[in-house]
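Asker: Got a structure here, written out as structure tokens. Questions coming.
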Amino acid sequence: MAPRLSSAATYRPAVDGDRDVMRAFVAQDLATTPYGVVVEYFLHLASDGAANESRAIVAERAGTVVGFVLFGEVAGTIGTGRVHFVSVTSSARLDGVGTGLCEAAVADLRSNDGRLVVAEVPDEPSFLPGRTLLDRCGFVEIGRVADYFRDNTDLVVLARTIPGDTPTAGVDRA
Ligand SMILES: CC(C)(COP(=O)(O)OP(=O)(O)OC[C@H]1O[C@@H](n2cnc3c(N)ncnc32)[C@H](O)[C@@H]1OP(=O)(O)O)[C@@H](O)C(=O)NCCC(=O)NCCS
């Protein structure tokens with residue numbers, strides 16, 4: 001894969017040696033929440049040879065991994081991808097790295113005949129940076145499930161189409 005769009009970092013597919021740093025990022029971001037287990041599941045899939053459903057792209061600065069995006073095709077669908085998680089280390093945030101990772105994932109899905117991408121996030125304040133990032137990356141809210149995670153914490157379903165394809169009802173084109 002060619003180095004990607006945003007000049008905030010360089011982007012490359014993750015390799016086995018990136019596993020520990022990605023786990024450390026998840027621990028840092030989600031250890032005090034109930035959500036780490038879901039991301040761990042997709043990290044495990046990625047290292048278990050299920051790249052269709054879960055693979056990662058890392059962002060590097062000066063040879064150091066500063067973030068990653070975990071994503072893949074949704075099993076049983078034709079051309080629907082899912083962004084499982086995006087993480088950028090604290091010191092590199094608010095500088096376009098997350099946006100670059102999101103764009104890199106969408107570009108990868110596009111090159112694999114993707115036509116739609118979804119993301120699912122809890123509706124809670126700690127995920128506002130993630131919601132803003134997904135908004136900048138062209139995702140729009142297409143639905144929510146009330147009290148999904150627990151009372152008063154909804155599941156928000158976001159989606160965006162991949163340019164060049166037929167628009168999908170209910171989803172704005174990016
Ligand atoms: C979410 C996260 C990946 C964003 O990474 P990032 O490198 O800071 O993202 P970017 O710099 O590309 O910012 C993207 C947009 O979101 C906005 N944004 C990011 N963090 C923000 C924050 N804390 N408050 C307000 N806006 C924020 C940026 O201003 C930018 O908007 P702009 O284009 O209008 O300037 C990072 O905050 C993170 O790792 N958080 C912990 C893990 C997490 O919650 N992941 C999201 C799961 S969906």
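By convention in this document, the chains of the structure tokens carry letters A, B, ... by their order, each chain's residues are numbered from 1, and ligands are numbered from 1 in the order they are shown.
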Just want the residues within 7 Å of ligand 1, written as a PyMOL selection string, counting only C-alpha atoms and all ligand atoms.

Answerer: chain A and resi 29+85-90+92-100+121+126-133+136

Asker: For the residues selected in the previous step, produce a file with N, CA and C atoms as a PDB file, in the first residue's frame.

Answerer:
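Result saved to again04.pdb:
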ATOM      1  N   ASP A  29      -6.467   3.487  26.200  1.00  0.00           N
ATOM      2  CA  ASP A  29      -7.707   4.188  25.854  1.00  0.00           C
ATOM      3  C   ASP A  29      -8.929   3.624  26.575  1.00  0.00           C
ATOM      4  N   PHE A  85     -12.050   0.310  15.324  1.00  0.00           N
ATOM      5  CA  PHE A  85     -11.456   1.196  16.333  1.00  0.00           C
ATOM      6  C   PHE A  85     -10.356   2.044  15.693  1.00  0.00           C
ATOM      7  N   VAL A  86     -10.203   3.232  16.201  1.00  0.00           N
ATOM      8  CA  VAL A  86      -9.092   4.105  15.807  1.00  0.00           C
ATOM      9  C   VAL A  86      -8.452   4.617  17.088  1.00  0.00           C
ATOM     10  N   SER A  87      -7.143   4.624  17.128  1.00  0.00           N
ATOM     11  CA  SER A  87      -6.460   5.152  18.311  1.00  0.00           C
ATOM     12  C   SER A  87      -5.211   5.917  17.891  1.00  0.00           C
ATOM     13  N   VAL A  88      -5.014   7.047  18.532  1.00  0.00           N
ATOM     14  CA  VAL A  88      -3.803   7.847  18.324  1.00  0.00           C
ATOM     15  C   VAL A  88      -3.231   8.150  19.704  1.00  0.00           C
ATOM     16  N   THR A  89      -1.937   7.975  19.854  1.00  0.00           N
ATOM     17  CA  THR A  89      -1.315   8.215  21.153  1.00  0.00           C
ATOM     18  C   THR A  89      -1.479   9.690  21.556  1.00  0.00           C
ATOM     19  N   SER A  90      -1.632   9.913  22.859  1.00  0.00           N
ATOM     20  CA  SER A  90      -2.012  11.243  23.365  1.00  0.00           C
ATOM     21  C   SER A  90      -1.164  12.366  22.778  1.00  0.00           C
ATOM     22  N   ALA A  92       0.272  12.720  20.023  1.00  0.00           N
ATOM     23  CA  ALA A  92       0.152  12.978  18.575  1.00  0.00           C
ATOM     24  C   ALA A  92      -1.268  13.382  18.174  1.00  0.00           C
ATOM     25  N   ARG A  93      -2.146  13.568  19.158  1.00  0.00           N
ATOM     26  CA  ARG A  93      -3.551  13.867  18.834  1.00  0.00           C
ATOM     27  C   ARG A  93      -3.736  15.303  18.335  1.00  0.00           C
ATOM     28  N   LEU A  94      -4.883  15.511  17.729  1.00  0.00           N
ATOM     29  CA  LEU A  94      -5.305  16.833  17.224  1.00  0.00           C
ATOM     30  C   LEU A  94      -4.347  17.369  16.173  1.00  0.00           C
ATOM     31  N   ASP A  95      -3.774  16.473  15.410  1.00  0.00           N
ATOM     32  CA  ASP A  95      -2.838  16.899  14.359  1.00  0.00           C
ATOM     33  C   ASP A  95      -3.109  16.155  13.049  1.00  0.00           C
ATOM     34  N   GLY A  96      -4.298  15.605  12.916  1.00  0.00           N
ATOM     35  CA  GLY A  96      -4.675  14.991  11.641  1.00  0.00           C
ATOM     36  C   GLY A  96      -4.313  13.528  11.484  1.00  0.00           C
ATOM     37  N   VAL A  97      -3.665  12.920  12.493  1.00  0.00           N
ATOM     38  CA  VAL A  97      -3.265  11.516  12.350  1.00  0.00           C
ATOM     39  C   VAL A  97      -4.497  10.606  12.303  1.00  0.00           C
ATOM     40  N   GLY A  98      -5.458  10.859  13.204  1.00  0.00           N
ATOM     41  CA  GLY A  98      -6.685  10.056  13.206  1.00  0.00           C
ATOM     42  C   GLY A  98      -7.411  10.150  11.873  1.00  0.00           C
ATOM     43  N   THR A  99      -7.484  11.348  11.327  1.00  0.00           N
ATOM     44  CA  THR A  99      -8.128  11.535  10.025  1.00  0.00           C
ATOM     45  C   THR A  99      -7.386  10.755   8.947  1.00  0.00           C
ATOM     46  N   GLY A 100      -6.052  10.819   8.986  1.00  0.00           N
ATOM     47  CA  GLY A 100      -5.261  10.070   8.008  1.00  0.00           C
ATOM     48  C   GLY A 100      -5.509   8.575   8.113  1.00  0.00           C
ATOM     49  N   VAL A 121     -20.524   3.217  17.824  1.00  0.00           N
ATOM     50  CA  VAL A 121     -19.885   3.807  19.004  1.00  0.00           C
ATOM     51  C   VAL A 121     -20.911   4.011  20.120  1.00  0.00           C
ATOM     52  N   SER A 126     -16.866  10.247  26.508  1.00  0.00           N
ATOM     53  CA  SER A 126     -15.483   9.859  26.231  1.00  0.00           C
ATOM     54  C   SER A 126     -15.275   9.517  24.754  1.00  0.00           C
ATOM     55  N   PHE A 127     -16.359   9.268  24.032  1.00  0.00           N
ATOM     56  CA  PHE A 127     -16.238   8.951  22.615  1.00  0.00           C
ATOM     57  C   PHE A 127     -16.483  10.166  21.713  1.00  0.00           C
ATOM     58  N   LEU A 128     -16.617  11.340  22.302  1.00  0.00           N
ATOM     59  CA  LEU A 128     -16.836  12.533  21.465  1.00  0.00           C
ATOM     60  C   LEU A 128     -15.682  12.809  20.496  1.00  0.00           C
ATOM     61  N   PRO A 129     -14.408  12.677  20.921  1.00  0.00           N
ATOM     62  CA  PRO A 129     -13.331  12.841  19.931  1.00  0.00           C
ATOM     63  C   PRO A 129     -13.474  11.851  18.770  1.00  0.00           C
ATOM     64  N   GLY A 130     -13.819  10.615  19.099  1.00  0.00           N
ATOM     65  CA  GLY A 130     -14.006   9.611  18.046  1.00  0.00           C
ATOM     66  C   GLY A 130     -15.168   9.959  17.133  1.00  0.00           C
ATOM     67  N   ARG A 131     -16.266  10.451  17.714  1.00  0.00           N
ATOM     68  CA  ARG A 131     -17.421  10.862  16.900  1.00  0.00           C
ATOM     69  C   ARG A 131     -17.037  12.016  15.981  1.00  0.00           C
ATOM     70  N   THR A 132     -16.263  12.968  16.514  1.00  0.00           N
ATOM     71  CA  THR A 132     -15.842  14.116  15.691  1.00  0.00           C
ATOM     72  C   THR A 132     -14.944  13.648  14.553  1.00  0.00           C
ATOM     73  N   LEU A 133     -14.035  12.761  14.888  1.00  0.00           N
ATOM     74  CA  LEU A 133     -13.154  12.211  13.851  1.00  0.00           C
ATOM     75  C   LEU A 133     -13.975  11.539  12.744  1.00  0.00           C
ATOM     76  N   ARG A 136     -15.634  14.025  10.549  1.00  0.00           N
ATOM     77  CA  ARG A 136     -14.704  14.623   9.585  1.00  0.00           C
ATOM     78  C   ARG A 136     -14.376  13.655   8.456  1.00  0.00           C
TER      79      ARG A 136
END

Asker: Mind checking which residues fall within 8 Å of stretch 52-63 of chain A, counting only C-alpha atoms, ignoring those fewer than 2 positions away in the same chain, and posting them as a list in words?

Answerer: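 Answer for this query is Ala9, Thr10, Tyr11, Arg12, Pro13, Ala14, Phe42, Leu43, Leu45, Ala46, Ala50, Val65, Val66, Gly67, Phe68, Val69, Leu70, Phe71, Gly72, Glu73, Val74, Ala75, Val97, Leu101, Ala104 and Ala105 of chain A.
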
Asker: Write to file, as a PDB file, in the first residue's frame, the residues of the selection just made, with C-alpha atoms.

Answerer:
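Output file part-v1.pdb follows:
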ATOM      1  CA  ALA A   9       2.260  10.688   9.447  1.00  0.00           C
ATOM      2  CA  THR A  10       3.062   7.798   7.138  1.00  0.00           C
ATOM      3  CA  TYR A  11       0.719   4.854   6.966  1.00  0.00           C
ATOM      4  CA  ARG A  12       1.413   1.164   6.410  1.00  0.00           C
ATOM      5  CA  PRO A  13      -0.322  -2.170   7.025  1.00  0.00           C
ATOM      6  CA  ALA A  14       0.358  -3.504  10.518  1.00  0.00           C
ATOM      7  CA  PHE A  42     -11.048  -7.723  16.633  1.00  0.00           C
ATOM      8  CA  LEU A  43      -7.312  -7.477  17.396  1.00  0.00           C
ATOM      9  CA  LEU A  45      -9.150 -11.827  14.729  1.00  0.00           C
ATOM     10  CA  ALA A  46      -6.540  -9.708  12.954  1.00  0.00           C
ATOM     11  CA  ALA A  50      -8.987 -13.320   9.591  1.00  0.00           C
ATOM     12  CA  VAL A  65       3.954   3.924  15.749  1.00  0.00           C
ATOM     13  CA  VAL A  66       1.694   6.754  16.925  1.00  0.00           C
ATOM     14  CA  GLY A  67      -1.687   5.287  16.052  1.00  0.00           C
ATOM     15  CA  PHE A  68      -3.643   2.580  14.306  1.00  0.00           C
ATOM     16  CA  VAL A  69      -7.001   1.859  12.726  1.00  0.00           C
ATOM     17  CA  LEU A  70      -8.629  -1.562  12.960  1.00  0.00           C
ATOM     18  CA  PHE A  71     -11.182  -2.346  10.269  1.00  0.00           C
ATOM     19  CA  GLY A  72     -12.410  -4.967   7.839  1.00  0.00           C
ATOM     20  CA  GLU A  73     -15.191  -6.299   5.670  1.00  0.00           C
ATOM     21  CA  VAL A  74     -18.387  -7.382   7.436  1.00  0.00           C
ATOM     22  CA  ALA A  75     -18.808 -11.143   6.937  1.00  0.00           C
ATOM     23  CA  VAL A  97      -3.265  11.516  12.350  1.00  0.00           C
ATOM     24  CA  LEU A 101      -5.886   6.644   9.539  1.00  0.00           C
ATOM     25  CA  ALA A 104      -6.371   5.044   4.865  1.00  0.00           C
ATOM     26  CA  ALA A 105      -8.932   2.480   6.051  1.00  0.00           C
TER      27      ALA A 105
END

Asker: As a PyMOL selection string, please: every residue in chain A that DSSP puts in strand (DSSP E or B).

Answerer: chain A and resi 10-13+55-61+64-73+80-88+116-122+140-150+153-161

Asker: Would you save the residues of that selection, restricted to C-alpha atoms, as a PDB file, in the first residue's frame?

Answerer:
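Dumped to again09.pdb:
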ATOM      1  CA  THR A  10       3.062   7.798   7.138  1.00  0.00           C
ATOM      2  CA  TYR A  11       0.719   4.854   6.966  1.00  0.00           C
ATOM      3  CA  ARG A  12       1.413   1.164   6.410  1.00  0.00           C
ATOM      4  CA  PRO A  13      -0.322  -2.170   7.025  1.00  0.00           C
ATOM      5  CA  ARG A  55      -6.840  -5.883   9.749  1.00  0.00           C
ATOM      6  CA  ALA A  56      -4.902  -2.840  10.884  1.00  0.00           C
ATOM      7  CA  ILE A  57      -3.042   0.102   9.387  1.00  0.00           C
ATOM      8  CA  VAL A  58      -0.564   1.910  11.610  1.00  0.00           C
ATOM      9  CA  ALA A  59       0.547   5.536  11.511  1.00  0.00           C
ATOM     10  CA  GLU A  60       4.236   6.218  12.035  1.00  0.00           C
ATOM     11  CA  ARG A  61       6.255   9.289  12.819  1.00  0.00           C
ATOM     12  CA  THR A  64       7.532   5.171  15.845  1.00  0.00           C
ATOM     13  CA  VAL A  65       3.954   3.924  15.749  1.00  0.00           C
ATOM     14  CA  VAL A  66       1.694   6.754  16.925  1.00  0.00           C
ATOM     15  CA  GLY A  67      -1.687   5.287  16.052  1.00  0.00           C
ATOM     16  CA  PHE A  68      -3.643   2.580  14.306  1.00  0.00           C
ATOM     17  CA  VAL A  69      -7.001   1.859  12.726  1.00  0.00           C
ATOM     18  CA  LEU A  70      -8.629  -1.562  12.960  1.00  0.00           C
ATOM     19  CA  PHE A  71     -11.182  -2.346  10.269  1.00  0.00           C
ATOM     20  CA  GLY A  72     -12.410  -4.967   7.839  1.00  0.00           C
ATOM     21  CA  GLU A  73     -15.191  -6.299   5.670  1.00  0.00           C
ATOM     22  CA  THR A  80     -19.703  -3.372   3.456  1.00  0.00           C
ATOM     23  CA  GLY A  81     -16.789  -2.537   5.703  1.00  0.00           C
ATOM     24  CA  ARG A  82     -16.629  -1.663   9.373  1.00  0.00           C
ATOM     25  CA  VAL A  83     -14.214   0.546  11.281  1.00  0.00           C
ATOM     26  CA  HIS A  84     -13.705  -1.304  14.555  1.00  0.00           C
ATOM     27  CA  PHE A  85     -11.456   1.196  16.333  1.00  0.00           C
ATOM     28  CA  VAL A  86      -9.092   4.105  15.807  1.00  0.00           C
ATOM     29  CA  SER A  87      -6.460   5.152  18.311  1.00  0.00           C
ATOM     30  CA  VAL A  88      -3.803   7.847  18.324  1.00  0.00           C
ATOM     31  CA  LEU A 116     -20.204   1.311   2.331  1.00  0.00           C
ATOM     32  CA  VAL A 117     -18.502   1.610   5.715  1.00  0.00           C
ATOM     33  CA  VAL A 118     -20.152   1.477   9.126  1.00  0.00           C
ATOM     34  CA  ALA A 119     -18.934   2.276  12.617  1.00  0.00           C
ATOM     35  CA  GLU A 120     -20.639   1.693  15.951  1.00  0.00           C
ATOM     36  CA  VAL A 121     -19.885   3.807  19.004  1.00  0.00           C
ATOM     37  CA  PRO A 122     -21.341   4.227  22.478  1.00  0.00           C
ATOM     38  CA  VAL A 140     -23.215  10.293   9.483  1.00  0.00           C
ATOM     39  CA  GLU A 141     -25.487   8.872  12.141  1.00  0.00           C
ATOM     40  CA  ILE A 142     -27.992   6.503  10.518  1.00  0.00           C
ATOM     41  CA  GLY A 143     -29.498   4.975  13.616  1.00  0.00           C
ATOM     42  CA  ARG A 144     -29.253   4.269  17.298  1.00  0.00           C
ATOM     43  CA  VAL A 145     -30.359   1.619  19.759  1.00  0.00           C
ATOM     44  CA  ALA A 146     -31.491   3.091  23.055  1.00  0.00           C
ATOM     45  CA  ASP A 147     -29.996   1.681  26.271  1.00  0.00           C
ATOM     46  CA  TYR A 148     -27.863  -0.767  24.251  1.00  0.00           C
ATOM     47  CA  PHE A 149     -24.792  -0.757  26.498  1.00  0.00           C
ATOM     48  CA  ARG A 150     -26.651  -0.037  29.706  1.00  0.00           C
ATOM     49  CA  THR A 153     -26.041   4.614  27.004  1.00  0.00           C
ATOM     50  CA  ASP A 154     -27.180   4.144  23.415  1.00  0.00           C
ATOM     51  CA  LEU A 155     -25.431   2.446  20.542  1.00  0.00           C
ATOM     52  CA  VAL A 156     -24.903   4.949  17.704  1.00  0.00           C
ATOM     53  CA  VAL A 157     -24.599   3.505  14.213  1.00  0.00           C
ATOM     54  CA  LEU A 158     -22.679   5.669  11.729  1.00  0.00           C
ATOM     55  CA  ALA A 159     -22.085   5.067   8.042  1.00  0.00           C
ATOM     56  CA  ARG A 160     -20.610   6.589   4.935  1.00  0.00           C
ATOM     57  CA  THR A 161     -20.548   5.508   1.322  1.00  0.00           C
TER      58      THR A 161
END

Asker: In Å, how far is it from atom CA of A:Gly79 to atom CA of A:Leu109?

Answerer: 8.1 Å

Asker: In Å, rounded to a single decimal, give me how far atom CA of A:Val21 is from atom CA of A:Asp48.

Answerer: 16.9 Å

Asker: Need to verify the contact set: A:Val26, 8 Å, only C-alpha atoms, exclusion of same-chain residues closer than 3 positions in sequence. Can you return it as a ChimeraX atom specification?

Answerer: /A:22-23,29-31,36,39-40,87

Asker: Just to be explicit: take each residue in the selection above, keep C-alpha atoms, and write the result as a short mmCIF file (atom, residue, chain, number, x, y, z; two decimals), in the first residue's frame.

Answerer:
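Below you can see selection.cif, which holds the result:
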data_model
loop_
_atom_site.label_atom_id
_atom_site.label_comp_id
_atom_site.auth_asym_id
_atom_site.auth_seq_id
_atom_site.Cartn_x
_atom_site.Cartn_y
_atom_site.Cartn_z
CA MET A 22 -1.63 -1.76 19.45
CA ARG A 23 -2.65 -3.67 22.59
CA ASP A 29 -7.71 4.19 25.85
CA LEU A 30 -10.23 1.67 27.13
CA ALA A 31 -8.91 -0.07 30.26
CA GLY A 36 -11.87 -2.93 25.51
CA VAL A 39 -11.56 -4.20 20.40
CA GLU A 40 -9.47 -7.06 21.82
CA SER A 87 -6.46 5.15 18.31
#

Asker: Step one, run DSSP on the backbone; step two, keep only residues of stretch 14-104 of chain A assigned to helix (DSSP H, G or I); then write them as a ChimeraX atom specification.

Answerer: /A:16-30,36-47,90-92,97-104

Asker: Can those selected residues be exported to a file as a short mmCIF file (atom, residue, chain, number, x, y, z; two decimals), in the first residue's frame so that it contains C-alpha atoms?

Answerer:
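Result went into part22.cif, see below:
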data_model
loop_
_atom_site.label_atom_id
_atom_site.label_comp_id
_atom_site.auth_asym_id
_atom_site.auth_seq_id
_atom_site.Cartn_x
_atom_site.Cartn_y
_atom_site.Cartn_z
CA ASP A 16 2.99 -9.01 13.75
CA GLY A 17 5.56 -6.81 15.50
CA ASP A 18 2.96 -4.06 15.92
CA ARG A 19 0.64 -6.23 17.99
CA ASP A 20 1.99 -5.28 21.41
CA VAL A 21 1.95 -1.56 20.73
CA MET A 22 -1.63 -1.76 19.45
CA ARG A 23 -2.65 -3.67 22.59
CA ALA A 24 -0.95 -1.02 24.71
CA PHE A 25 -2.91 1.72 22.94
CA VAL A 26 -6.18 -0.11 23.58
CA ALA A 27 -5.26 -0.60 27.23
CA GLN A 28 -4.48 3.10 27.54
CA ASP A 29 -7.71 4.19 25.85
CA LEU A 30 -10.23 1.67 27.13
CA GLY A 36 -11.87 -2.93 25.51
CA VAL A 37 -13.08 -6.49 25.20
CA VAL A 38 -14.71 -5.81 21.82
CA VAL A 39 -11.56 -4.20 20.40
CA GLU A 40 -9.47 -7.06 21.82
CA TYR A 41 -11.75 -9.45 19.95
CA PHE A 42 -11.05 -7.72 16.63
CA LEU A 43 -7.31 -7.48 17.40
CA HIS A 44 -7.35 -11.19 18.04
CA LEU A 45 -9.15 -11.83 14.73
CA ALA A 46 -6.54 -9.71 12.95
CA SER A 47 -3.65 -11.74 14.36
CA SER A 90 -2.01 11.24 23.37
CA SER A 91 1.06 13.23 22.29
CA ALA A 92 0.15 12.98 18.57
CA VAL A 97 -3.27 11.52 12.35
CA GLY A 98 -6.69 10.06 13.21
CA THR A 99 -8.13 11.53 10.03
CA GLY A 100 -5.26 10.07 8.01
CA LEU A 101 -5.89 6.64 9.54
CA CYS A 102 -9.60 6.84 8.80
CA GLU A 103 -8.89 7.87 5.20
CA ALA A 104 -6.37 5.04 4.86
#

Asker: Interatomic distance between atom CA of A:Asn112 and atom CA of A:Ile78?

Answerer: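 Atom-to-atom, atom CA of A:Asn112 to atom CA of A:Ile78, that is 10.5 Å.
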